Amino acid sequence: MSSGELRSRVADQRLDVWGAVAGLFVAVVLFPMRFLASQIYVETIPLVVGGACLLYLFTVREDIRETGLPELSGGFARVLPGVVFAGIGVMAALAAISGGRTVGFLALAGVVTSAMLVQIAFVAEEELDVRLLLAQILGLAFVVRFTALYLTPGLVGIDAWSHVYEYADAIRGAHSLEAIGDTKYFAAPLYHLLVVTAGEVLGTSLRQALFLSMGVLMALVPLFVYVTARFFVPVRWALFGTAMVAVSDQVVRWSIHVIPTSLGLFFFGAIFYSLSRLFYTESPRRNVALVVLFSVAVILTHQVSSFIVLVLVGAGVLAQFAVQLSARWGLGPLAPTDEDGRAEEAEGAVENVNLLGVLAFDLGLLVFMWSITPYGDDSFLQTVLDWLALTLANSARFLNLAGPSGTGGGGGGDPSLLAEIATYIDAGGILLLLFATVTGSLVALRRSRARQRAYTFVGAIVIMLAFAFVLPLFGIRTFLPSRWFAFLHVMMVVVGVVGLHYLSRTLPREAAVALVVVFAAVFPAVMMLSVSGTRDNPVVTGERTRYAYTGSEIAAVRTIGDIRPNDDRPLYTDHPYKAVFKRTGAHESEILQLTEDDRPAPDSGVVVYREYQSYGGAQFESPGGYTPIRHLAPEAVCGDRSSSVYANGDVQMCLLDIYSDSRE
């Protein structure tokens, strides 16, 4: 090889290739961790990242002609919309007849979504009706969410009970924020004000107001994905991503467990769209104003969401500096180039949006608001810093996997086959999304596209993935990583469809069709069956906890609150049922502690048994101090040592005789 050829080969190296090689190297380095920790993401993420990088390197090395996907006949294009709408109608009817989202409902939802994705991917360009497809996607989104909201007695989740029946109810009764003056939401009341205002304007209960305000907003989140993705991909793939996020388990999770995180996610979608507009439109001031406006809204809504927005804007500032430095110093692949690899000399060709002012404003307002936000005996900011310092001092160490791995079974010990299958279903959606996102990130880093926008969104995803996956490996969960996934899904879907669009054009047609069909068939199925999106009624009943309650269980909470037994000490029951007693003000409650033979601890006092404890995912505190799922017989909780105080056929409250004797 001549020196000229060598220089040409070196000059032809691209940032996307470097990134793929680096990703492959990281995957190889991380692969042995599977032998150190039995955790689903530790075992699978290196394989997914490595596979995506290898596939991308294959596409850039091979001389593959862009053939595109085959097209369905006009007959299919005309029939499929009717099939999808009919399927959505059957879903609604099935949920109404069954009284909730059953396994049949979720399976049908997966099939309907698959039909929709096939329609989007394979219908001829001239047959694509954007308005009709958006109507299908939004119809599916509303049915998936509102069947859970309206057919579940009470509310789904834990925190929602406090936000509606404690904070919002107090504001409505007092007509003032002073009613929540001692809580951290005194400085972030936007969610509660929205619910209270909706209730007053519509003349409904707070529960109905929550659904008709926040519930509707969350069903519209997929629209942010569509309008954002249109900046990066053709309309077909923007619709594909919109349908994906409509059934994303994490987005559905915060659409049925409607709390300030949900409103924060809605505003995050608006900020993501506004940032994208900055790179593609000629109205920078208006778009910056939108980013600032929605950033203020997030800060006034939810603390974790506002920190996530800060990460996104911070990634934009880092990208801004990277582009400026590369333009000034010509730092190799960071320098903008055209398709032939020639460096662009015109300074105006470097896309550079100044986000430093936005970051400074957001950071300043966030620090100020957190400093005046009460939390315990101190401010929220000081409390978070203290928690972080305590975590770093006591818990931070490699492979200290704080929190469950997701493989736990119903009775402890080795997980059952059903639990293993459920674990892979729960992780399957994010892993498929990660595969597409890695590919899309590499596409975004191609020299002809390597601009601030690419570095901003790819960098933000990398940083957010570190908070969600890397920090928990070291026992650092102060930043509540479970709250980050929905925000990640929104960004990963947009970048992911960039990758899918690229692969559909560069892979051989047979491979491209197989890839798209796998996504269309598998992604909706695992997302709809995942535990994150089915908190109201998990598919694997005995292995996953249900965060919703029957009508008799809620009636028991009210009645026991009226009876008020044992006022000076808490009653004991399972998690999460105990939360309803405490957060509705019915009675002070604690998680029931079990002895080695799965009996209530001697000092339990008043205990509450519900039928769900015998077959479902109820959790109890074990002698080891953790909370595994246990399946208990009624006599194990309310046995010979107890006296029954209340029963309604589904719930029984008992007073342990040992405790009553000690009181006499």
# chains A, B, ... in the order shown; residues from 1 in each chain; ligands from 1

call {"tool": "residues_around", "arguments": {"residues": "stretch 129-141 of chain A", "least_positions_apart": "5", "cutoff": "7 Å", "atoms": "only C-alpha atoms", "output": "MDAnalysis selection string"}}
result
chainID A and resid 85 88 219 243 246

call {"tool": "write_last_selection", "arguments": {"atoms": "C-alpha atoms", "output": "PDB file, in the first residue's frame"}}
result
ATOM      1  CA  PHE A  85     -60.141   0.266  13.905  1.00  0.00           C
ATOM      2  CA  ILE A  88     -59.498  -1.198  18.713  1.00  0.00           C
ATOM      3  CA  ALA A 219     -52.566   9.915  25.609  1.00  0.00           C
ATOM      4  CA  ALA A 243     -46.986   3.837  17.127  1.00  0.00           C
ATOM      5  CA  ALA A 246     -48.018   4.672  22.007  1.00  0.00           C
TER       6      ALA A 246
END

call {"tool": "select_by_dssp", "arguments": {"residues": "stretch 392-626 of chain A", "states": "strand (DSSP E)", "output": "list in words"}}
result
Leu571, Tyr572, Thr573, Ser589, Glu590, Ile591, Val606, Val607, Val608, Tyr609 and Arg610 of chain A

call {"tool": "closest_residue", "arguments": {"among": "A:Cys654, A:Val517, A:Val539, A:Leu318", "to": "A:Ile463", "atoms": "only C-alpha atoms"}}
result
A:Leu318

call {"tool": "closest_residue", "arguments": {"among": "A:Tyr375, A:Tyr502, A:Phe105, A:Trp387", "to": "A:Leu69", "atoms": "only C-alpha atoms"}}
result
A:Tyr502

call {"tool": "residues_around", "arguments": {"residues": "A:Tyr612", "least_positions_apart": "2", "cutoff": "12 Å", "atoms": "only C-alpha atoms", "output": "ChimeraX atom specification"}}
result
/A:537,541-542,544-550,552-553,573-577,608-610,614-619,629-634,649-652

call {"tool": "select_by_dssp", "arguments": {"residues": "stretch 113-276 of chain A", "states": "alpha helix (DSSP H)", "output": "ChimeraX atom specification"}}
result
/A:113-122,130-151,159-162,169-174,190-202,206-210,216-219,221-229,235-246,249-256,260-276

call {"tool": "write_last_selection", "arguments": {"atoms": "C-alpha atoms", "output": "tab-separated table (two decimals), in the first residue's frame"}}
result
chain	number	residue	atom	x	y	z
A	113	THR	CA	-50.36	-2.68	17.07
A	114	SER	CA	-48.45	-5.19	14.94
A	115	ALA	CA	-51.03	-4.80	12.15
A	116	MET	CA	-50.65	-1.06	12.42
A	117	LEU	CA	-46.84	-1.23	12.22
A	118	VAL	CA	-47.00	-3.57	9.22
A	119	GLN	CA	-49.38	-1.15	7.54
A	120	ILE	CA	-47.03	1.78	8.19
A	121	ALA	CA	-43.88	-0.05	7.06
A	122	PHE	CA	-45.11	-1.79	3.93
A	130	VAL	CA	-51.07	10.42	7.72
A	131	ARG	CA	-54.29	11.65	9.33
A	132	LEU	CA	-55.86	8.20	9.18
A	133	LEU	CA	-52.79	6.55	10.67
A	134	LEU	CA	-52.51	9.14	13.45
A	135	ALA	CA	-56.19	8.53	14.23
A	136	GLN	CA	-55.45	4.80	14.54
A	137	ILE	CA	-52.47	5.43	16.81
A	138	LEU	CA	-54.32	7.88	19.07
A	139	GLY	CA	-57.38	5.60	19.18
A	140	LEU	CA	-55.17	2.74	20.34
A	141	ALA	CA	-53.40	4.99	22.86
A	142	PHE	CA	-56.68	6.19	24.39
A	143	VAL	CA	-58.17	2.70	24.65
A	144	VAL	CA	-55.02	1.19	26.18
A	145	ARG	CA	-54.86	3.94	28.81
A	146	PHE	CA	-58.47	4.78	29.60
A	147	THR	CA	-59.58	1.16	30.01
A	148	ALA	CA	-57.03	0.94	32.82
A	149	LEU	CA	-58.03	4.29	34.33
A	150	TYR	CA	-61.81	3.92	34.28
A	151	LEU	CA	-62.17	0.18	34.86
A	159	ASP	CA	-48.19	7.88	44.92
A	160	ALA	CA	-51.37	8.82	43.06
A	161	TRP	CA	-53.42	8.31	46.23
A	162	SER	CA	-51.39	10.96	48.05
A	169	ASP	CA	-57.99	17.51	48.01
A	170	ALA	CA	-56.37	19.78	50.61
A	171	ILE	CA	-55.82	22.55	48.03
A	172	ARG	CA	-59.42	22.23	46.84
A	173	GLY	CA	-60.76	22.43	50.37
A	174	ALA	CA	-58.60	25.34	51.49
A	190	LEU	CA	-48.57	22.68	38.81
A	191	TYR	CA	-49.88	19.09	38.64
A	192	HIS	CA	-52.15	19.55	41.65
A	193	LEU	CA	-53.40	22.93	40.46
A	194	LEU	CA	-54.24	21.41	37.06
A	195	VAL	CA	-56.26	18.61	38.67
A	196	VAL	CA	-58.06	20.93	41.08
A	197	THR	CA	-58.83	23.45	38.32
A	198	ALA	CA	-60.17	20.71	36.05
A	199	GLY	CA	-62.39	19.47	38.87
A	200	GLU	CA	-63.75	22.96	39.54
A	201	VAL	CA	-64.33	23.83	35.89
A	202	LEU	CA	-65.89	20.47	34.97
A	206	LEU	CA	-60.85	14.82	41.67
A	207	ARG	CA	-60.52	11.30	40.28
A	208	GLN	CA	-62.57	12.22	37.21
A	209	ALA	CA	-60.71	15.52	36.90
A	210	LEU	CA	-57.40	13.66	36.95
A	216	VAL	CA	-55.92	13.05	28.09
A	217	LEU	CA	-52.55	14.81	28.03
A	218	MET	CA	-50.67	11.53	28.48
A	219	ALA	CA	-52.57	9.92	25.61
A	221	VAL	CA	-47.62	12.29	24.20
A	222	PRO	CA	-47.08	10.17	21.01
A	223	LEU	CA	-47.80	13.29	18.95
A	224	PHE	CA	-44.60	14.87	20.28
A	225	VAL	CA	-42.70	11.88	18.94
A	226	TYR	CA	-44.30	12.27	15.52
A	227	VAL	CA	-43.60	15.99	15.08
A	228	THR	CA	-40.04	15.55	16.41
A	229	ALA	CA	-39.22	12.51	14.29
A	235	VAL	CA	-43.18	10.40	7.37
A	236	ARG	CA	-43.38	6.57	7.25
A	237	TRP	CA	-40.79	6.14	9.96
A	238	ALA	CA	-42.08	9.04	12.02
A	239	LEU	CA	-45.43	7.22	12.13
A	240	PHE	CA	-43.63	3.97	12.97
A	241	GLY	CA	-42.00	5.62	15.98
A	242	THR	CA	-45.28	7.23	17.04
A	243	ALA	CA	-46.99	3.84	17.13
A	244	MET	CA	-44.05	2.39	19.09
A	245	VAL	CA	-44.21	5.02	21.81
A	246	ALA	CA	-48.02	4.67	22.01
A	249	ASP	CA	-44.55	0.12	28.61
A	250	GLN	CA	-42.85	2.97	30.44
A	251	VAL	CA	-44.96	5.64	28.77
A	252	VAL	CA	-48.11	3.60	29.45
A	253	ARG	CA	-46.96	3.17	33.05
A	254	TRP	CA	-47.05	6.92	33.73
A	255	SER	CA	-50.24	7.23	31.70
A	256	ILE	CA	-52.18	4.98	34.09
A	260	PRO	CA	-46.32	14.61	38.66
A	261	THR	CA	-43.83	12.36	36.80
A	262	SER	CA	-46.52	12.03	34.12
A	263	LEU	CA	-46.90	15.77	33.63
A	264	GLY	CA	-43.10	16.08	33.67
A	265	LEU	CA	-42.95	13.53	30.85
A	266	PHE	CA	-45.51	15.51	28.84
A	267	PHE	CA	-43.46	18.71	29.18
A	268	PHE	CA	-40.27	16.78	28.38
A	269	GLY	CA	-41.80	15.73	25.07
A	270	ALA	CA	-42.57	19.38	24.35
A	271	ILE	CA	-38.99	20.39	25.20
A	272	PHE	CA	-37.55	17.63	23.01
A	273	TYR	CA	-39.64	18.90	20.11
A	274	SER	CA	-38.72	22.54	20.76
A	275	LEU	CA	-35.00	21.71	20.85
A	276	SER	CA	-35.33	19.89	17.55

call {"tool": "residues_around", "arguments": {"residues": "A:Ala187", "least_positions_apart": "6", "cutoff": "7 Å", "atoms": "only C-alpha atoms", "output": "list of chain:residue names"}}
result
A:Leu300, A:Met369, A:Thr373

call {"tool": "atom_distance", "arguments": {"atom1": "atom CA of A:Arg451", "atom2": "atom CA of A:Phe279"}}
result
9.4 Å

call {"tool": "atom_distance", "arguments": {"atom1": "atom CA of A:Leu392", "atom2": "atom CA of A:Leu363"}}
result
23.2 Å

call {"tool": "atom_distance", "arguments": {"atom1": "atom CA of A:Phe581", "atom2": "atom CA of A:Asp562"}}
result
11.5 Å
